[in-house]
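S.K.: Please find one structure pasted underneath; my questions will follow.
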Amino acid sequence: MTITAKHIETAAYEIMKKAAIDIPDDYLTGIEAMADTESGDLSAFVLSAMLDNYRAATEDRRPMCADTGLPRYYVKVGDKARMDSMVALEAALRKATADATHDVPLRPNRVHPLWRTEHNNNLGINSPEVEWSFEPDADWIDITTVHKGGLFGTDYRMLFPGDGIDGIKRFLLDTLIAFGKRGLACQPAIVGVGIGGSKDTCMQLGKQAACLRVVGDRNPDPEIAKLEHEFKELGNSIGMGAMGFVGSSMVVDCHIEVGYTHTGGMPVSVHTFCLSSRRATARIHGDGTITYRTDPKWFTPYMRREGIS
Amino acid sequence: MTTAPTRKTHHLTIPVKASDIAMLKPGDIVYLEGVVYTAREGVYDRVLEKQQPLPAFDQSGTDLSAISNVNFHCSPAAAPSEDGNYKIGGVTATASFRFSKWMERWLDLTDTKIVIGKGGMPKEDYTNILAPRGAVYLTTVGYGTGALLGRGVTSVKNVFWLDDLGIAQAMWMFNVKAFGPFIVDSDIAGNSLFAEHNAAIAENISALYDGLKPPALSRYGETDNRKDEVM
Ligand code: SF4
């Protein structure tokens with residue numbers, strides 16, 4: 001059986017809704033744990049208000065945050081999945097975006113960067129973004145949507161091999177402090193750090209590390225996993241909590257993704273996925289059934305090209 | 001810190017009275033009932049830069065401040081519904097510092113007494129602009145409390161300039177009830193909660209960098225002289 005554009009549209013519409021309304025369990029559990037240990041009383045108040053907010057969103061079926069971010073998609077196609085037309089798949093994603101924008105409703109955030117023209121449907125030139133990857137031996141198509149808001153909390157720097165881990169820590173601290181003040185980054189955040197690749201892949205890796213891995217997930221390289229833990233502790237030792245009030249709740253978790261890079265450089269990017277860390281995934285199986293989850297499972301061993309010569 | 005562990009909570013009716021405002025202290029919690037209006041760059045540009053009049057709020061020409069003296073820096077997730085009204089999903093504030101340059105003229109024009117938004121404004125604005133006019137700044141919480149605030153909006157009373165400015169920039173008037181929570185950032189003495197907390201946190205910051213070796217290439221931001229070379 002082939003997967004049709006209609007399957008894709010149904011799945012994409014549903015994940016748009018789920019992402020906007022229901023906070024993923026892994027993030028929720030992470031915030032609950034932080035609310036228990038936060039000693040800064042204003043920061044603790046903010047966390048408890050956020051927990052109320054997640055409940056209200058789910059009960060009322062309304063978006064948890066009115067800034068519904070820039071809705072976009074990540075598509076993973078099983079090598080054995082059959083679909084008539086990839087162009088039809090992209091068209092279905094666009095239609096689902098426009099329909100969900102009206103029905104949920106999502107805020108029509110997308111505008112032309114220069115003329116500020118908007119179509120009230122979150123569509124436009126190069127939007128929504130669709131990123132593609134493949135998976136061996138599978139007959140399904142996974143579609144993940146991420147609604148990442150936040151004009152703040154992301155930065156890029158070209159570091160050099162001599163800067164080492166200290167250089168990355170320095171950059172991480174600079175970014176968290178700069179954007180953490182007054183809570184511009186809407187922390188506590190899932191922090192994604194991209195290291196290596198070329199400049200654009202470095203940004204992409206960091207973004208995907210923040211948005212497509214769940215709280216508690218560790219990088220398969222044990223040394224990198226240790227760094228993830230260390231960076232998380234570093235962020236939480238700044239003395240800053242939610243909304244930039246005195247406290248310790250800055251980083252819910254830290255995820256690092258790496259890519260081979262130019263021998264002379266070490267590009268690094270930092271991304272923060274905010275208090276409305278919205279993602280949802282649908283799997284359209286080969287027989288046309290659809291299942292939903294909140295873990296994108298984007299970074300598979302094949303995705304990281306582990307053990308591939 | 002001026003903030004006590006248990007938060008003092010105020011339920012205020014709009015238009016808010018000077019005596020209500022006088023009670024608010026940085027770190028207190030506020031819930032509102034009545035009408036709030038939204039205004040962001042599209043509205044300020046139209047009224048203050050292009051000198052166009054405020055909309056006619058009703059047939060008898062009532063002043064804005066008699067209906068609402070609460071300015072909310074927000075653009076809602078809203079969509080027209082079949083009954084000709086609007087469905088409001090989530091409501092979240094937008095960063096206020098961008099509107100700071102318009103606040104003085106806007107407060108004088110509208111007699112607004114409460115400004116609500118995300119992240120506060122510079123402390124000098126509180127001292128020089130808000131406090132002398134008996135106005136205070138409340139911040140939304142989180143800042144992602146869009147569902148809680150959306151619940152507090154009972155209906156859309158009116159929307160102005162929707163066709164010209166679009167959903168995000170239009171001037172919305174919301175009927176609200178148990179609308180909050182908001183945290184008081186500035187009081188009528190011009191104190192700022194954010195400024196206090198920033199100062200407390202700043203004491204610890206340089207220690208965080210102790211022991212980290214200097215970067216191979218320095219960059220603007222670590223020096224504030226743009227004539228310096230980064231090498
Ligand atoms: S950063 Fe996130 S939580 Fe904050 S306003 Fe934007 S979308 Fe909402």
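By convention here, the chains of the structure tokens are called A, B, ... in the order presented, each chain's residues are numbered starting at 1, and ligands are numbered starting at 1 in the order presented.
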Please report as a PyMOL selection string which residues of chain A come no farther than 7 Å from chain B, using only C-alpha atoms.
M.R.: chain A and resi 41+46+50+53+56-57+62-67+102+105-107+160+162-163+166-167+170+181-184+186+238-240+242-243+245-246+275-276
S.K.: Once DSSP has gone over the backbone, tell me which residues of region 170-291 of chain A are in strand (DSSP E or B), as a PyMOL selection string.
M.R.: chain A and resi 189-196+240+246+251-259+266-273+278-284+290-291
S.K.: Output C-alpha atoms for every residue in the selection just made, as an mmCIF file, in the first residue's frame.
M.R.:
```cif
data_model
loop_
_atom_site.group_PDB
_atom_site.id
_atom_site.type_symbol
_atom_site.label_atom_id
_atom_site.label_comp_id
_atom_site.auth_asym_id
_atom_site.auth_seq_id
_atom_site.Cartn_x
_atom_site.Cartn_y
_atom_site.Cartn_z
ATOM 1 C CA ALA A 189 15.006 25.886 28.526
ATOM 2 C CA ILE A 190 16.162 22.806 26.753
ATOM 3 C CA VAL A 191 19.552 24.016 25.591
ATOM 4 C CA GLY A 192 20.880 22.659 22.314
ATOM 5 C CA VAL A 193 24.561 23.059 21.483
ATOM 6 C CA GLY A 194 25.778 22.408 17.950
ATOM 7 C CA ILE A 195 29.520 21.868 17.634
ATOM 8 C CA GLY A 196 31.320 21.576 14.307
ATOM 9 C CA MET A 240 19.379 32.974 37.567
ATOM 10 C CA VAL A 246 17.278 35.020 41.446
ATOM 11 C CA VAL A 251 18.508 24.697 31.988
ATOM 12 C CA VAL A 252 16.058 21.777 32.054
ATOM 13 C CA ASP A 253 18.478 19.719 30.019
ATOM 14 C CA CYS A 254 21.364 20.211 27.629
ATOM 15 C CA HIS A 255 21.809 18.316 24.372
ATOM 16 C CA ILE A 256 24.939 18.402 22.259
ATOM 17 C CA GLU A 257 25.218 17.331 18.627
ATOM 18 C CA VAL A 258 28.505 17.307 16.754
ATOM 19 C CA GLY A 259 29.563 17.187 13.118
ATOM 20 C CA MET A 266 35.340 24.903 15.918
ATOM 21 C CA PRO A 267 32.021 26.558 15.109
ATOM 22 C CA VAL A 268 29.530 26.473 17.990
ATOM 23 C CA SER A 269 25.860 27.393 18.196
ATOM 24 C CA VAL A 270 23.597 27.671 21.239
ATOM 25 C CA HIS A 271 19.801 27.382 21.045
ATOM 26 C CA THR A 272 17.213 27.550 23.811
ATOM 27 C CA PHE A 273 13.860 25.812 23.530
ATOM 28 C CA ARG A 278 6.313 22.448 21.593
ATOM 29 C CA ARG A 279 6.855 19.404 19.454
ATOM 30 C CA ALA A 280 4.688 16.523 18.278
ATOM 31 C CA THR A 281 5.332 13.596 15.975
ATOM 32 C CA ALA A 282 3.096 11.406 13.835
ATOM 33 C CA ARG A 283 4.122 8.095 12.299
ATOM 34 C CA ILE A 284 2.229 7.166 9.144
ATOM 35 C CA ILE A 290 -1.255 6.841 12.140
ATOM 36 C CA THR A 291 0.215 6.870 15.644
#
```
S.K.: Leaving out Met173 (chain B) and any residue of its chain fewer than 5 positions from it, which residues lie within 9 Å of it when counting only C-alpha atoms, given as a list of chain:residue names?
M.R.: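 The filter keeps B:Val35, B:Val36, B:Tyr37, B:Thr38, B:Ser68, B:Ser155, B:Val156, B:Lys157, B:Asn158, B:Val159, B:Phe160.
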S.K.: Deliver the residues from the most recent selection as a file, using C-alpha atoms, as an mmCIF file, in the first residue's frame.
M.R.:
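Now in part23.cif:
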```cif
data_model
loop_
_atom_site.group_PDB
_atom_site.id
_atom_site.type_symbol
_atom_site.label_atom_id
_atom_site.label_comp_id
_atom_site.auth_asym_id
_atom_site.auth_seq_id
_atom_site.Cartn_x
_atom_site.Cartn_y
_atom_site.Cartn_z
ATOM 1 C CA VAL B 35 -11.510 46.050 29.853
ATOM 2 C CA VAL B 36 -7.882 46.008 28.694
ATOM 3 C CA TYR B 37 -6.686 47.285 25.325
ATOM 4 C CA THR B 38 -3.705 46.172 23.259
ATOM 5 C CA SER B 68 -9.715 51.245 30.068
ATOM 6 C CA SER B 155 -14.885 38.126 25.135
ATOM 7 C CA VAL B 156 -13.667 40.567 22.532
ATOM 8 C CA LYS B 157 -15.347 43.905 23.211
ATOM 9 C CA ASN B 158 -14.029 45.505 20.053
ATOM 10 C CA VAL B 159 -11.192 45.471 17.588
ATOM 11 C CA PHE B 160 -9.945 48.498 15.654
#
```
S.K.: Between CA of Arg110 (chain A) and CA of Ile125 (chain A), measure the distance and give it in Å to one decimal.
M.R.: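 So the answer is 9.5 Å.
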S.K.: I need the residue nearest Asp63 (chain B) from this list: B:Ile14, B:Thr110, B:Tyr44, B:Pro122. Use only C-alpha atoms for the distance.
M.R.: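 Going through B:Ile14, B:Thr110, B:Tyr44, B:Pro122 one by one, the smallest distance to Asp63 (chain B) is for B:Thr110.
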